[in-house]
Each structure stands twice: as structure tokens, then as C-alpha cells.
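A.B. asks: Input file: run_21.cif. Contents: mmCIF, C-alpha atoms.
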data_input
#
loop_
_atom_site.label_atom_id
_atom_site.label_comp_id
_atom_site.auth_asym_id
_atom_site.auth_seq_id
_atom_site.Cartn_x
_atom_site.Cartn_y
_atom_site.Cartn_z
CA MET A 1 18.90 -9.39 20.85
CA PRO A 2 18.36 -5.68 21.24
CA ARG A 3 21.95 -4.55 20.59
CA LEU A 4 24.43 -5.91 18.04
CA ASP A 5 27.88 -4.61 17.18
CA VAL A 6 28.08 -4.24 13.42
CA ASN A 7 30.51 -2.35 11.20
CA GLY A 8 32.04 -0.51 14.17
CA ILE A 9 28.72 0.67 15.61
CA THR A 10 26.05 -0.69 17.94
CA LEU A 11 22.73 -1.26 16.19
CA ASN A 12 19.45 -1.65 18.05
CA VAL A 13 17.59 -4.65 16.65
CA THR A 14 14.10 -6.10 17.18
CA HIS A 15 13.51 -9.64 15.99
CA LEU A 16 10.01 -10.96 15.31
CA PRO A 17 10.08 -14.73 14.77
CA GLN A 18 8.00 -16.24 11.96
CA SER A 19 4.52 -16.70 13.37
CA ARG A 20 3.07 -19.26 10.94
CA GLY A 21 4.98 -22.25 9.67
CA GLN A 22 8.73 -22.03 9.38
CA GLY A 23 11.57 -21.61 6.94
CA GLY A 24 10.15 -18.59 5.09
CA THR A 25 12.58 -16.13 3.51
CA PRO A 26 13.43 -13.59 6.25
CA LEU A 27 12.36 -9.96 5.96
CA LEU A 28 14.55 -7.02 6.88
CA PHE A 29 13.00 -3.58 7.42
CA VAL A 30 14.82 -0.30 6.82
CA HIS A 31 13.28 2.94 8.09
CA GLY A 32 13.76 6.48 6.80
CA LEU A 33 15.49 9.61 8.10
CA ALA A 34 14.46 10.88 11.54
CA ALA A 35 12.36 7.74 12.10
CA SER A 36 13.18 4.49 13.88
CA SER A 37 12.39 0.78 13.75
CA ALA A 38 9.12 1.62 15.51
CA PHE A 39 7.87 2.94 12.14
CA TRP A 40 7.87 -0.54 10.64
CA TYR A 41 6.38 -2.18 13.70
CA MET A 42 3.44 0.21 13.54
CA ALA A 43 3.19 -0.28 9.78
CA GLY A 44 2.44 -3.94 10.40
CA ALA A 45 5.74 -5.85 10.42
CA PRO A 46 4.21 -8.27 12.99
CA LEU A 47 1.62 -9.25 10.37
CA LEU A 48 4.27 -9.85 7.71
CA ALA A 49 6.01 -12.11 10.25
CA ARG A 50 3.50 -14.74 9.12
CA LEU A 51 5.69 -15.10 6.04
CA GLY A 52 9.13 -15.22 7.65
CA ASP A 53 11.36 -13.97 10.47
CA CYS A 54 11.29 -10.18 10.59
CA THR A 55 14.22 -8.03 11.65
CA LEU A 56 13.71 -4.35 12.40
CA TYR A 57 16.69 -2.16 13.25
CA ASP A 58 17.49 1.47 13.94
CA LEU A 59 19.87 3.09 11.45
CA ARG A 60 23.09 4.52 12.89
CA GLY A 61 22.37 7.91 14.47
CA HIS A 62 18.71 6.96 14.90
CA GLY A 63 16.53 5.41 17.58
CA LYS A 64 18.59 3.47 20.07
CA SER A 65 21.50 2.72 17.77
CA GLY A 66 24.87 4.36 18.29
CA VAL A 67 25.58 7.88 17.11
CA PRO A 68 29.08 7.94 15.60
CA ASP A 69 30.96 11.15 14.85
CA THR A 70 31.10 10.42 11.14
CA GLY A 71 29.93 7.85 8.59
CA PHE A 72 26.34 8.76 7.81
CA GLY A 73 26.50 8.16 4.09
CA VAL A 74 24.41 5.65 2.18
CA THR A 75 27.47 3.49 1.52
CA THR A 76 28.23 3.10 5.22
CA MET A 77 24.60 2.42 6.01
CA ALA A 78 24.36 -0.21 3.24
CA ASN A 79 27.43 -1.84 4.78
CA ASP A 80 25.66 -1.74 8.16
CA LEU A 81 22.70 -3.56 6.63
CA LEU A 82 24.85 -6.27 5.03
CA GLY A 83 26.92 -6.54 8.23
CA LEU A 84 23.75 -6.99 10.24
CA MET A 85 22.68 -9.80 7.91
CA ASP A 86 26.09 -11.46 8.48
CA LYS A 87 25.82 -11.03 12.23
CA MET A 88 22.35 -12.58 12.28
CA ASP A 89 23.21 -15.35 9.81
CA ILE A 90 20.64 -14.09 7.33
CA GLY A 91 21.90 -15.33 3.99
CA ARG A 92 19.16 -13.85 1.85
CA ALA A 93 16.22 -11.62 2.70
CA HIS A 94 13.38 -9.55 1.36
CA LEU A 95 14.23 -5.89 2.01
CA VAL A 96 11.36 -3.60 2.98
CA ALA A 97 12.28 0.06 3.01
CA HIS A 98 10.64 3.43 3.52
CA SER A 99 11.87 6.79 2.30
CA PHE A 100 15.66 7.19 2.70
CA GLY A 101 15.82 3.52 3.74
CA GLY A 102 15.20 2.73 0.08
CA MET A 103 18.53 4.25 -0.92
CA ILE A 104 20.21 1.92 1.58
CA ALA A 105 18.27 -1.11 0.33
CA LEU A 106 19.04 -0.34 -3.33
CA LEU A 107 22.75 0.09 -2.67
CA ALA A 108 22.90 -3.07 -0.54
CA ALA A 109 21.23 -4.96 -3.39
CA LEU A 110 23.76 -3.57 -5.88
CA LYS A 111 26.64 -4.60 -3.61
CA ALA A 112 25.32 -8.08 -2.85
CA PRO A 113 22.51 -8.97 -5.29
CA GLU A 114 22.56 -12.64 -4.31
CA ARG A 115 21.51 -11.70 -0.76
CA VAL A 116 18.38 -9.80 -1.73
CA ALA A 117 15.38 -11.95 -2.67
CA SER A 118 13.15 -8.97 -3.41
CA MET A 119 12.57 -5.36 -2.42
CA ILE A 120 9.55 -3.40 -1.37
CA LEU A 121 10.23 0.31 -1.66
CA ALA A 122 7.59 2.45 0.03
CA ASP A 123 7.68 6.11 -0.87
CA VAL A 124 11.38 6.16 -1.55
CA ARG A 125 13.13 9.24 -2.86
CA VAL A 126 16.12 8.07 -4.93
CA ARG A 127 18.52 10.97 -4.86
CA PRO A 128 20.44 10.10 -8.08
CA LEU A 129 17.10 10.01 -9.93
CA GLN A 130 15.42 12.95 -8.21
CA GLN A 131 17.86 15.63 -7.12
CA LYS A 132 15.33 18.01 -5.65
CA LEU A 133 12.03 17.47 -3.93
CA GLU A 134 8.99 19.57 -4.69
CA LEU A 135 8.02 19.81 -1.05
CA PRO A 136 4.37 20.43 -0.37
CA ALA A 137 5.09 23.62 1.56
CA ARG A 138 5.38 25.78 -1.51
CA LYS A 139 2.19 27.70 -0.90
CA ILE A 140 2.27 28.81 2.71
CA PRO A 141 -0.50 31.27 3.55
CA ALA A 142 1.08 34.70 4.13
CA ARG A 143 -0.86 35.09 7.37
CA LEU A 144 1.38 32.42 8.92
CA ALA A 145 4.54 34.47 8.36
CA ASP A 146 4.34 36.36 11.67
CA ARG A 147 3.62 33.26 13.68
CA LEU A 148 6.52 31.41 12.09
CA ASP A 149 8.78 34.42 12.50
CA LYS A 150 8.06 34.48 16.23
CA ILE A 151 9.38 30.96 16.59
CA GLY A 152 12.43 31.63 14.45
CA VAL A 153 11.33 29.93 11.23
CA SER A 154 11.13 32.06 8.10
CA ILE A 155 8.82 31.37 5.19
CA GLN A 156 11.81 32.03 2.95
CA THR A 157 13.67 29.12 4.53
CA ILE A 158 10.71 26.82 4.05
CA ASN A 159 10.19 27.95 0.46
CA ASN A 160 13.81 27.24 -0.39
CA GLN A 161 13.80 23.73 1.01
CA ASP A 162 14.17 20.99 -1.53
CA ASP A 163 15.44 18.21 0.65
CA GLY A 164 13.99 15.89 3.26
CA ILE A 165 16.78 16.64 5.74
CA ASP A 166 15.90 20.34 5.89
CA TYR A 167 12.18 19.70 5.81
CA LEU A 168 12.43 17.39 8.82
CA LYS A 169 14.55 19.97 10.62
CA THR A 170 11.84 22.59 10.11
CA VAL A 171 9.22 20.15 11.40
CA ALA A 172 11.38 19.52 14.48
CA LYS A 173 11.86 23.26 15.08
CA ILE A 174 8.14 23.94 14.82
CA GLN A 175 7.37 21.08 17.20
CA LEU A 176 9.86 22.40 19.74
CA ALA A 177 8.96 26.07 19.49
CA ALA A 178 5.25 26.26 18.73
CA GLY A 179 3.94 24.38 21.77
CA ASP A 180 0.22 23.72 21.53
CA GLU A 181 0.07 25.39 18.14
CA ALA A 182 2.54 22.96 16.53
CA ASN A 183 -0.07 20.56 15.14
CA GLU A 184 -2.15 23.36 13.68
CA LEU A 185 0.87 25.05 12.09
CA LEU A 186 2.26 21.82 10.65
CA LYS A 187 -1.10 20.89 9.17
CA GLU A 188 -1.35 24.31 7.51
CA ILE A 189 2.16 24.09 6.10
CA TYR A 190 2.80 20.43 5.42
CA HIS A 191 -0.68 18.88 5.71
CA HIS A 192 0.36 16.53 8.49
CA PRO A 193 0.55 16.77 12.31
CA GLN A 194 3.67 16.40 14.46
CA LEU A 195 6.15 13.73 13.35
CA PHE A 196 8.53 13.52 16.30
CA ARG A 197 7.09 11.59 19.19
CA SER A 198 8.93 13.53 21.87
CA ARG A 199 10.92 16.73 22.41
CA LYS A 200 13.99 14.55 22.87
CA ASN A 201 13.56 13.02 19.40
CA ALA A 202 13.08 16.43 17.78
CA GLU A 203 16.14 17.81 19.59
CA LYS A 204 18.19 14.78 18.56
CA TRP A 205 17.29 15.30 14.90
CA ILE A 206 18.23 18.99 15.00
CA ALA A 207 21.54 18.15 16.67
CA LEU A 208 22.29 15.55 13.97
CA THR A 209 21.48 17.93 11.13
CA GLU A 210 23.81 20.52 12.63
CA ARG A 211 26.76 18.18 12.25
CA ALA A 212 28.59 19.09 9.09
CA SER A 213 29.48 15.47 8.35
CA PHE A 214 25.89 14.26 8.63
CA VAL A 215 24.46 16.60 6.01
CA GLU A 216 27.50 16.32 3.75
CA ASP A 217 27.47 12.50 3.85
CA LEU A 218 23.77 12.30 3.14
CA LYS A 219 23.59 14.91 0.43
CA ASN A 220 26.87 14.36 -1.36
CA GLY A 221 28.07 10.95 -0.20
CA GLU A 222 28.80 8.26 -2.75
CA SER A 223 25.89 5.98 -3.66
CA PHE A 224 25.14 4.75 -7.19
CA ALA A 225 24.41 6.05 -10.67
CA PRO A 226 20.99 5.75 -12.30
CA LYS A 227 22.30 3.29 -14.91
CA ASP A 228 23.48 0.94 -12.15
CA LEU A 229 19.87 0.22 -11.25
CA SER A 230 19.35 -1.75 -14.47
CA ARG A 231 21.51 -4.46 -12.88
CA LEU A 232 18.88 -5.08 -10.22
CA THR A 233 16.87 -8.03 -11.49
CA GLN A 234 15.12 -8.93 -8.24
CA PRO A 235 11.33 -8.57 -8.11
CA MET A 236 10.58 -5.11 -6.70
CA LEU A 237 7.35 -3.57 -5.54
CA VAL A 238 7.65 0.20 -5.77
CA MET A 239 4.84 1.97 -3.92
CA TYR A 240 4.16 5.65 -3.49
CA GLY A 241 1.39 7.88 -2.24
CA THR A 242 0.05 10.23 -4.88
CA LYS A 243 0.11 13.10 -2.35
CA SER A 244 3.82 12.55 -1.74
CA THR A 245 6.67 14.19 -3.62
CA THR A 246 8.51 10.97 -4.42
CA GLY A 247 6.47 9.92 -7.48
CA PRO A 248 9.27 10.80 -9.95
CA SER A 249 11.65 8.45 -8.07
CA ALA A 250 9.14 5.60 -8.07
CA GLN A 251 8.44 6.02 -11.77
CA ALA A 252 12.14 6.16 -12.67
CA VAL A 253 13.04 3.11 -10.55
CA THR A 254 10.26 1.15 -12.21
CA ARG A 255 11.51 2.19 -15.64
CA LEU A 256 15.13 1.28 -14.89
CA CYS A 257 14.77 -1.96 -12.95
CA PRO A 258 13.61 -4.82 -15.17
CA ASN A 259 11.42 -6.57 -12.59
CA ALA A 260 9.93 -3.61 -10.76
CA ILE A 261 6.20 -3.09 -10.38
CA LEU A 262 4.76 0.36 -9.77
CA HIS A 263 1.91 0.64 -7.30
CA GLU A 264 0.35 4.07 -6.83
CA ILE A 265 -1.74 4.62 -3.75
CA PRO A 266 -4.25 7.40 -4.24
CA ASP A 267 -4.77 10.24 -1.76
CA VAL A 268 -2.05 9.34 0.72
CA GLY A 269 1.19 11.09 1.62
CA HIS A 270 4.76 10.11 2.41
CA PHE A 271 4.07 8.27 5.67
CA PHE A 272 1.24 6.07 4.38
CA PRO A 273 2.65 2.72 5.61
CA MET A 274 2.23 3.94 9.18
CA SER A 275 -0.78 6.21 8.81
CA GLN A 276 -2.71 3.72 6.66
CA PRO A 277 -1.08 0.33 7.30
CA ARG A 278 -3.70 -1.64 5.41
CA LEU A 279 -2.92 0.20 2.18
CA PHE A 280 0.68 -0.91 2.55
CA LEU A 281 0.18 -4.40 3.96
CA LYS A 282 -2.23 -5.84 1.44
CA PRO A 283 -0.14 -5.30 -1.71
CA ALA A 284 3.08 -6.04 0.23
CA ALA A 285 1.82 -9.42 1.48
CA ARG A 286 0.42 -10.36 -1.94
CA PHE A 287 3.74 -9.47 -3.60
CA LEU A 288 5.84 -11.37 -1.03
CA ARG A 289 3.65 -14.47 -1.33
CA ALA A 290 4.07 -14.40 -5.11
CA VAL A 291 7.85 -14.05 -4.82
CA ASN A 292 8.02 -16.81 -2.21
CA ALA A 293 6.02 -19.02 -4.57
CA GLY A 294 8.74 -18.56 -7.18
CA ARG A 295 7.14 -15.96 -9.41
CA THR A 296 9.81 -13.84 -11.06
CA SER A 297 8.01 -11.67 -13.57
CA PHE A 298 5.28 -9.17 -12.90
CA PRO A 299 3.34 -6.59 -14.86
CA LYS A 300 4.99 -3.16 -14.75
CA LYS A 301 2.05 -1.53 -13.03
CA VAL A 302 -0.63 -2.82 -10.65
CA MET B 1 -6.98 -16.76 32.38
CA ASN B 2 -8.76 -13.73 33.86
CA LYS B 3 -7.92 -10.05 33.78
CA ASP B 4 -6.22 -10.10 37.19
CA SER B 5 -3.84 -12.89 36.31
CA ILE B 6 -3.13 -11.29 32.92
CA GLN B 7 -2.42 -8.01 34.69
CA ASP B 8 -0.03 -9.77 37.08
CA GLN B 9 1.85 -11.19 34.10
CA VAL B 10 1.99 -7.78 32.42
CA ILE B 11 3.47 -6.34 35.62
CA SER B 12 6.06 -9.08 35.99
CA THR B 13 7.05 -8.82 32.30
CA LEU B 14 7.40 -5.06 32.71
CA LYS B 15 9.52 -5.48 35.86
CA ASP B 16 11.85 -7.85 34.01
CA PHE B 17 11.98 -5.49 31.03
CA ILE B 18 13.17 -2.52 33.10
CA THR B 19 15.20 -4.49 35.58
CA ASP B 20 18.53 -2.91 34.66
CA TRP B 21 17.24 0.59 33.99
CA GLY B 22 18.03 1.83 37.49
CA LEU B 23 14.49 3.10 38.04
CA ASP B 24 13.08 3.19 41.52
CA ALA B 25 9.49 2.74 40.39
CA ASP B 26 6.72 0.74 41.96
CA ILE B 27 4.77 -0.91 39.13
CA THR B 28 1.01 -0.76 39.63
CA PRO B 29 -1.96 -1.02 37.26
CA SER B 30 -1.95 2.75 36.87
CA THR B 31 1.76 2.97 36.00
CA THR B 32 2.17 4.52 32.56
CA LEU B 33 5.00 3.61 30.23
CA VAL B 34 5.95 7.02 28.87
CA GLU B 35 5.10 9.37 31.74
CA ASP B 36 6.21 7.15 34.63
CA LEU B 37 8.89 4.95 33.09
CA GLU B 38 10.21 7.24 30.33
CA PHE B 39 9.63 4.71 27.55
CA ASP B 40 10.22 5.85 24.00
CA SER B 41 8.47 4.29 21.00
CA ILE B 42 11.17 1.64 20.54
CA ASP B 43 10.93 0.60 24.19
CA VAL B 44 7.18 0.25 23.72
CA ILE B 45 7.49 -2.07 20.74
CA GLN B 46 10.24 -4.12 22.37
CA PHE B 47 8.03 -4.44 25.45
CA THR B 48 5.15 -5.71 23.31
CA VAL B 49 7.52 -8.28 21.77
CA GLU B 50 8.33 -9.45 25.32
CA LEU B 51 4.60 -9.61 26.14
CA GLU B 52 4.02 -11.80 23.10
CA LYS B 53 6.70 -14.17 24.40
CA THR B 54 5.07 -14.15 27.85
CA PHE B 55 1.71 -15.06 26.37
CA GLY B 56 2.86 -18.01 24.32
CA ASN B 57 4.63 -16.53 21.31
CA ARG B 58 1.39 -15.41 19.75
CA LYS B 59 0.93 -12.40 17.54
CA LEU B 60 -1.53 -10.30 19.49
CA GLY B 61 -2.01 -7.34 17.17
CA PHE B 62 -0.55 -4.70 19.47
CA GLN B 63 -0.56 -2.16 16.62
CA GLU B 64 -4.31 -1.82 17.29
CA LEU B 65 -3.50 -0.68 20.82
CA LEU B 66 -0.49 1.47 19.97
CA MET B 67 -1.95 3.38 17.02
CA LYS B 68 -5.04 5.51 16.77
CA ASP B 69 -6.09 7.35 13.61
CA GLY B 70 -2.70 6.78 12.02
CA ARG B 71 -0.76 8.19 15.00
CA TYR B 72 1.03 6.67 17.95
CA VAL B 73 -1.04 6.96 21.10
CA ASP B 74 0.71 9.23 23.61
CA ASP B 75 0.91 6.86 26.53
CA LEU B 76 -0.49 3.59 27.89
CA SER B 77 -0.93 2.25 31.40
CA VAL B 78 -0.37 -1.27 32.67
CA SER B 79 -4.11 -1.73 33.07
CA GLU B 80 -4.75 -0.65 29.46
CA PHE B 81 -2.37 -3.40 28.32
CA ALA B 82 -4.17 -5.85 30.61
CA VAL B 83 -7.61 -4.91 29.27
CA PHE B 84 -6.38 -5.21 25.68
CA LEU B 85 -4.78 -8.58 26.34
CA THR B 86 -7.82 -9.85 28.19
CA GLY B 87 -9.93 -9.04 25.12
CA LYS B 88 -7.47 -10.76 22.80
CA LEU B 89 -6.80 -13.82 24.91
CA THR B 90 -10.36 -14.56 25.96
CA THR B 91 -12.00 -14.11 22.55
CA ALA B 92 -9.33 -15.79 20.40
#
Represent the structure contained in this file as C-alpha cells.
C.D. replies:
Amino acid sequence: MPRLDVNGITLNVTHLPQSRGQGGTPLLFVHGLAASSAFWYMAGAPLLARLGDCTLYDLRGHGKSGVPDTGFGVTTMANDLLGLMDKMDIGRAHLVAHSFGGMIALLAALKAPERVASMILADVRVRPLQQKLELPARKIPARLADRLDKIGVSIQTINNQDDGIDYLKTVAKIQLAAGDEANELLKEIYHHPQLFRSRKNAEKWIALTERASFVEDLKNGESFAPKDLSRLTQPMLVMYGTKSTTGPSAQAVTRLCPNAILHEIPDVGHFFPMSQPRLFLKPAARFLRAVNAGRTSFPKKV
Amino acid sequence: MNKDSIQDQVISTLKDFITDWGLDADITPSTTLVEDLEFDSIDVIQFTVELEKTFGNRKLGFQELLMKDGRYVDDLSVSEFAVFLTGKLTTA
């Protein structure tokens, strides 16, 4: 079932059937900005398929899903998620989300709490709780200024970034312009290598971010208020890497949501589910087994 | 099941997978997914899902083949899939 029409758009979907036993609560995976469903496959979704059917999909504007002219806000994307569940006859699911995908999962759970059995939020920045990101590129060595200047990226621009959308755009620009030096430059600035798998993906991200509606919808589109989160009573596992910038979101979500557990993962950054799948999979599987067994209360921190 | 028969099944699964892509490509053991067939990462994972169906709906741990040191590998050939599958299917 690679393509499904949902909410006026075509979504690209990968379905992994439950691989042990049957009848487990399904799992639905939501990736972050500039990523695709491949993120969750590489992070070990096939292993979690032991617990239930797994559905991975590309968000609108991403991967192989359709790219509409408008409608990139969290509200539309939460409606896509719930529409996909309708289309696939998934009554209730565990939602597993990374980064921006967490905003979509949280809003979907607020709209239809009865359809969300639990949530795993991996390194999620929750915009209403954390307006600006302290991106790791605050201390760029001055000696890089000339090199960045040559490829049309100014240190000033990087220093002023406080949002994932702009940060990912800079990463894409460096990948496209710096050639063989891209990995070295990115490691110096952001402490990670290239993120976009191909030139085409980097170009697609830049083109998306240059659409006025895309940035406006994502940054200022309607979502939810912090106090709304106290209505979410599902078990939630909130994970974050201590080298990432999303810690304040994770801590605030755990404080606001009555059944949320905080799980800090030392010495890893924003993309830890893919770069270190075991660190994600072990606590995720343990949590899901406990929820499936009917456990509803957890300690606040593990 | 030996490596040759596994490789034949990889090739036939790959042919079915790209059947409506309009490619005029001859699939051989040295054919690579990204360079020769213009796969992107989503095509690669959907192809591995098809391979799992071909080989009896088993989870075969393709992440081990597709990731190295926390990064996607750049490209894979038909024969690399066959070698990986031979290891998995003959030791399991």
C-alpha cells in the first residue's frame, strides 16, 4: 500500500505486519522535518513490529508524499495522521514520533485521545513550550567565516538561527555548496555530518522553506496551548539526548502530562534514534510492553 | 537455499519492484540501487519490505545492512543483498 489518498493529499505509506503473534496494538511512526519514513525504519521500526503492525508514512511535503501548495501547519498534519488511521482502519495506536513529528502526535492525541494508546516522543521540540532553540552552532570558530562566506552562508545568519527550519536550510545549503568539504564543515559547526542523503533531498528542502506558506504555517500555525497538554492522560515516554537542544521541551511535557516519563539519554544528539538505534529501542520496547500489559502509571523519571 | 538461488530471487523481486518505473536497465549482480536505478532511501526500505515478503515474511534485520556507524550506507548492489541474505537465511 505505498500510496493512500488522505485529507486531500497522497501519502506514501510503508506497512510492516506484526512479526510475532497477532492482535497487538498497532504502532504509527511520525518523522520530523526534512526527514522521511526511512528515519523510523533505520531506527528499528522492524524490531518494534514484534509488538504490533507498524505503519510508517511520509509527512505531506516530505519523502514520496504529495507536495501541496499550502497546508503545512501542525493542525493539517495532525488531521493527515488521523485520516490515515481512518483509511487504514486503525482504531487505536501507539504513536512514535521524532522531533517535529511530536507536535503532530501531541495534537492528534488532543483531538482524538481515545485513538492514542500511548506516545513515545523522541527528541521532540514542542514549540508552545520552547519558543526558541539554543542551537549548538553558537560558537563557530572565526576561521570558518571565509569558507562559509565563499559558499554564501554567513556566520551572522547561523548565529541568529533559533529554529529547526532555518538550521536545516543551512545544513542543506552547506551540503549543496561545500562539496567534499561539507562533512568537515558541518562537523565543525553542528557536530554532525551531512543529513540529506542526496542533492535532490537538500534542494527539495530549500525549495520548501522558500515557500512563504510553509514557514508561516510551521512557525505561526495554530496548534495547542501548554495548558492543553494536562488533558493528555495516556502513558508517554519522553526521551531526549542530553547533547540536543530539546531538553526544555521534554522536561516541560513531562511536568504537564500526568502520565509522562522522562528518559534522558546521555551524550547523544537530536538524531539518536537513527544514529544509536539501541539506545532508543530498548526503553521504547520496554515501555510499549508495559503499556500493552495494561500498566497505566509510571515513575516520572527513568 | 544457496547464494545463487537467493541472488536469483533478489533479482526477480527487484525486477517486479521497478516494473512500472520505465527504466531500461538490465539487472545483474553488480547493479546498484542508487547509482544504477536511482533509488532514494524510501525506495530502499520499501524494497527490503518486498524482500522480506519474498523470503517468507521474516524479519531479516536489514537495518544492519543499510546502516553503518549511525549513517545510511551510500549504495548497495544486488550481490551485496544476496550475500547478506545468504548469511541470514543459512545461519538462522
A.B. asks: Report as a list in words the set of chain A residues whose atoms approach chain B to within 6 Å, with distances computed over all atoms listed in the file.
C.D. replies: Ala38, Met42 and Ser275 of chain A
A.B. asks: Exactly which residues make up the result of the PyMOL selection byres ((chain A and resi 221) around 10) on this file, given as a compact mmCIF listing (two decimals) with C-alpha atoms, in the coordinates of the input?
C.D. replies:
# COMPACT_ATOMS: atom_id res chain seq x y z
CA GLY A 71 29.93 7.85 8.59
CA PHE A 72 26.34 8.76 7.81
CA GLY A 73 26.50 8.16 4.09
CA VAL A 74 24.41 5.65 2.18
CA THR A 75 27.47 3.49 1.52
CA THR A 76 28.23 3.10 5.22
CA SER A 213 29.48 15.47 8.35
CA PHE A 214 25.89 14.26 8.63
CA VAL A 215 24.46 16.60 6.01
CA GLU A 216 27.50 16.32 3.75
CA ASP A 217 27.47 12.50 3.85
CA LEU A 218 23.77 12.30 3.14
CA LYS A 219 23.59 14.91 0.43
CA ASN A 220 26.87 14.36 -1.36
CA GLU A 222 28.80 8.26 -2.75
CA SER A 223 25.89 5.98 -3.66
CA PHE A 224 25.14 4.75 -7.19
A.B. asks: Can you pull out every residue within 9 Å of A:Lys132, counting all atoms listed in the file, but drop anything in the same chain fewer than 2 positions away, and send it as number ranges by chain?
C.D. replies: A: 127, 130, 134-135, 161-163
A.B. asks: So what do you get for atom CA of A:Leu262 versus atom CA of A:Leu237, distance-wise?
C.D. replies: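 Pair atom CA of A:Leu262 / atom CA of A:Leu237 returns 6.3 Å.
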A.B. asks: Would you mind reading off the distance between atom CA of A:Ala117 and atom CA of A:His94, one decimal, in Å?
C.D. replies: 5.1 Å
A.B. asks: Do a neighbour search on B:Ile18 at 10 Å with only C-alpha atoms, toss out local chain neighbours closer than 4 positions, and write the hits as number ranges by chain.
C.D. replies: B: 13-14, 22-23, 25, 37, 39, 43, 47
A.B. asks: I'd like the residues picked by the PyMOL selection byres ((chain B and resi 26-29) around 7) written out as a list in words, using the chain letters and numbers from the file.
C.D. replies: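 What the PyMOL selection byres ((chain B and resi 26-29) around 7) grabs from the file is Ile11, Asp24, Ala25, Ser30, Thr31, Ser77, Val78 and Ser79 of chain B.
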A.B. asks: What's the 10 Å shell around A:Pro68, counting all atoms listed in the file, without same-chain residues fewer than 5 positions away, as a list in words?
C.D. replies: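 Counting all atoms listed in the file, the residues come to Gly8, Ile9, Thr10, Arg60, Gly61 and Phe214 of chain A.
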A.B. asks: Write the selection just made, keeping C-alpha atoms, as a PDB file, keeping the file's coordinate frame?
C.D. replies:
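Saved the output as again16.pdb:
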ATOM      1  CA  GLY A   8      32.040  -0.510  14.170  1.00  0.00           C
ATOM      2  CA  ILE A   9      28.720   0.670  15.610  1.00  0.00           C
ATOM      3  CA  THR A  10      26.050  -0.690  17.940  1.00  0.00           C
ATOM      4  CA  ARG A  60      23.090   4.520  12.890  1.00  0.00           C
ATOM      5  CA  GLY A  61      22.370   7.910  14.470  1.00  0.00           C
ATOM      6  CA  PHE A 214      25.890  14.260   8.630  1.00  0.00           C
TER       7      PHE A 214
END
A.B. asks: What gap, in Å, lies between atom CA of A:Gly44 and atom CA of A:Asp123?
C.D. replies: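 Those two atoms sit 16.0 Å apart.
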A.B. asks: So which residues touch A:Leu28 within 12 Å, counting all atoms listed in the file, skipping near sequence neighbours fewer than 6 positions away, as an MDAnalysis selection string?
C.D. replies: chainID A and resid 13:17 37 40:41 45 48:49 52:58 81:82 84:85 88 90:98 101:102 104:105 108 115:120
A.B. asks: Once you have the residues from the selection above, write them out as a JSON list (two decimals), keeping the file's coordinate frame, restricted to C-alpha atoms.
C.D. replies:
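Here's the written file again-v4.json:
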[["chain", "number", "residue", "atom", "x", "y", "z"],
["A", 13, "VAL", "CA", 17.59, -4.65, 16.65],
["A", 14, "THR", "CA", 14.10, -6.10, 17.18],
["A", 15, "HIS", "CA", 13.51, -9.64, 15.99],
["A", 16, "LEU", "CA", 10.01, -10.96, 15.31],
["A", 17, "PRO", "CA", 10.08, -14.73, 14.77],
["A", 37, "SER", "CA", 12.39, 0.78, 13.75],
["A", 40, "TRP", "CA", 7.87, -0.54, 10.64],
["A", 41, "TYR", "CA", 6.38, -2.18, 13.70],
["A", 45, "ALA", "CA", 5.74, -5.85, 10.42],
["A", 48, "LEU", "CA", 4.27, -9.85, 7.71],
["A", 49, "ALA", "CA", 6.01, -12.11, 10.25],
["A", 52, "GLY", "CA", 9.13, -15.22, 7.65],
["A", 53, "ASP", "CA", 11.36, -13.97, 10.47],
["A", 54, "CYS", "CA", 11.29, -10.18, 10.59],
["A", 55, "THR", "CA", 14.22, -8.03, 11.65],
["A", 56, "LEU", "CA", 13.71, -4.35, 12.40],
["A", 57, "TYR", "CA", 16.69, -2.16, 13.25],
["A", 58, "ASP", "CA", 17.49, 1.47, 13.94],
["A", 81, "LEU", "CA", 22.70, -3.56, 6.63],
["A", 82, "LEU", "CA", 24.85, -6.27, 5.03],
["A", 84, "LEU", "CA", 23.75, -6.99, 10.24],
["A", 85, "MET", "CA", 22.68, -9.80, 7.91],
["A", 88, "MET", "CA", 22.35, -12.58, 12.28],
["A", 90, "ILE", "CA", 20.64, -14.09, 7.33],
["A", 91, "GLY", "CA", 21.90, -15.33, 3.99],
["A", 92, "ARG", "CA", 19.16, -13.85, 1.85],
["A", 93, "ALA", "CA", 16.22, -11.62, 2.70],
["A", 94, "HIS", "CA", 13.38, -9.55, 1.36],
["A", 95, "LEU", "CA", 14.23, -5.89, 2.01],
["A", 96, "VAL", "CA", 11.36, -3.60, 2.98],
["A", 97, "ALA", "CA", 12.28, 0.06, 3.01],
["A", 98, "HIS", "CA", 10.64, 3.43, 3.52],
["A", 101, "GLY", "CA", 15.82, 3.52, 3.74],
["A", 102, "GLY", "CA", 15.20, 2.73, 0.08],
["A", 104, "ILE", "CA", 20.21, 1.92, 1.58],
["A", 105, "ALA", "CA", 18.27, -1.11, 0.33],
["A", 108, "ALA", "CA", 22.90, -3.07, -0.54],
["A", 115, "ARG", "CA", 21.51, -11.70, -0.76],
["A", 116, "VAL", "CA", 18.38, -9.80, -1.73],
["A", 117, "ALA", "CA", 15.38, -11.95, -2.67],
["A", 118, "SER", "CA", 13.15, -8.97, -3.41],
["A", 119, "MET", "CA", 12.57, -5.36, -2.42],
["A", 120, "ILE", "CA", 9.55, -3.40, -1.37]]
